[in-house]
Structures are given as structure tokens and as C-alpha cells.
Amino acid sequence: MIQFGPALQLELEANSQRKQLPAGTVLMSSNSYVRSLPVLLSGSMRVMRQDEDGREILLYYIKPGESCIMSFLAGIHEDTSKVHLEVEEDADVLMLPITKASEWIKSYPEWADFIFKLYHQRFEELLTVINEVAFQKLDDRIVELLKKKAAVFNSHEFQITHQQLAEELGTTREVISRLLKQMEKKEMIALSRNKITLNFPV
């Protein structure tokens with residue numbers, strides 16, 4: 001569990017609802033209002049941006065000890081979410097009412113520091129996504145995404161479909177499948193049913 005000072009830790013535990021959520025659970029959909037801020041204790045979540053045609057692109061992952069700054073910003077401004085938040089691997093989550101998350105910015109400096117560090121971290125990650133989309137070839141972006149996946153799952157081997165990779169990179173399954181086959185021929189990866197094994201360091 002995330003550890004703050006005694007007073008804030010008590011507040012967090014008293015005001016949050018703890019949930020165990022299986023992979024695939026949608027915590028927040030695009031254009032929905034945000035009532036709670038998820039604080040991740042274990043597992044992982046992914047944050048996606050979706051356009052009007054339903055195409056998606058991965059913005060960043062949420063790992064244990066982190067939260068979703070996009071949820072926080074939408075919630076405190078009583079605005080709808082601009083992102084889609086989904087559980088990547090089975091997660092243990094504290095759901096904190098957004099009113100408390102906002103109040104604590106003023107009353108608990110360590111909470112404000114936690115939020116501002118998240119904001120800074122996500123801003124840098126979003127800049128990385130922009131740079132990748134604008135300047136990197138798709139095969140290089142696949143390698144970077146696979147490295148991120150390996151870090152999230154803490155393994156060189158993990159379950160994922162070609163369709164999911166396509167959605168997270170904002171392209172088609174056919175293109176991803178072709179590039180993955182090329183990577184397999186170069187012995188960079190090994191492919192099996194809904195599973196990828198990386199043969200390069202992460």
C-alpha cells in the first residue's frame with residue numbers, strides 16, 4: 001500500500017473504497033464524469049485516447065503507487081473525461097472520492113506533492129508519445145511499446161493480441177501482424193497464440 005504520513009494515511013483508508021478488479025475492467029470511459037480517483041495498489045492500468053471513429057492510442061500506463069492525473073483534472077473541474085481508463089492486469093485499487101482528492105491539495109502538502117509529481121511525470125510521458133508518433137517509424141514504436149509492456153508485466157513473455165497492439169498504437173491489426181512477423185524473422189521476438197516473447201533487452 002502507498003504510505004503517506006499517519007494522518008493522511010488514516011484519511012485515505014477511511015475515505016476510500018478498496019476494490020479488486022480483473023483485467024479488462026473499464027474504470028472510466030471517454031466523455032463520462034469522474035466521481036472517484038483511482039489509486040493503484042497492485043496490478044496495472046492503461047490510459048487511452050479515443051477519436052470519434054473509435055480509433056485509440058496508448059497515452060501511458062499506471063503502475064502501483066500511482067494514479068490517473070487525467071481523472072483528477074477532469075474531476076476537480078467537473079468536466080467529462082477525455083481518456084479511457086482500463087485495467088491491464090488484475091488490480092487492487094483504492095477509489096477515492098474526487099471531492100477529497102481536491103480538498104487534500106490544500107490541507108496535506110504531501111498529497112499536493114504526490115499530485116504534482118504525477119502531473120510532471122504524465123506530461124513527460126505525453127511528450128514522449130507525441131515524439132514517437134511524429135518522428136518514429138512504426139516498427140520502432142512497436143519495439144518501444146513491447147519494452148513498456150515487459151516492464152509493466154515484469155517479464156519478457158506476456159499475453160497480448162495483435163489487435164490490442166494495433167489499438168494502442170493507433171493503426172490496424174494487419175499492419176501490426178506484418179511488422180511482428182518481420183521482427184520474428186529477425187529473431188527479435190517469438191510469437192505464439194496471443195503471446196509474445198522478447199529476445200532483446202528491456
# chains A, B, ... in the order shown; residues from 1 in each chain; ligands from 1
>>> select_by_dssp(residues="range 4-201 of chain A", states="alpha helix (DSSP H)", output="number ranges by chain")
A: 6-15, 69-76, 98-107, 109-135, 138-153, 162-169, 173-185
>>> residues_around(residues="Arg46 in chain A", least_positions_apart="6", cutoff="8 Å", atoms="only C-alpha atoms", output="count of residues only")
9
>>> select_by_dssp(residues="range 81-121 of chain A", states="strand (DSSP E or B)", output="count of residues only")
14
>>> closest_residue(among="A:Ser44, A:Thr80, A:Thr161, A:Asn131", to="Ser67 in chain A", atoms="only C-alpha atoms")
A:Ser44
>>> atom_distance(atom1="CA of Ala74 in chain A", atom2="CA of Val34 in chain A")
6.5 Å
>>> residues_around(residues="range 162-170 of chain A", least_positions_apart="6", cutoff="12 Å", atoms="only C-alpha atoms", output="ChimeraX atom specification")
/A:24,46-51,53-61,84,86,88,129-130,132-133,136-146,148-149,176-181,191-196
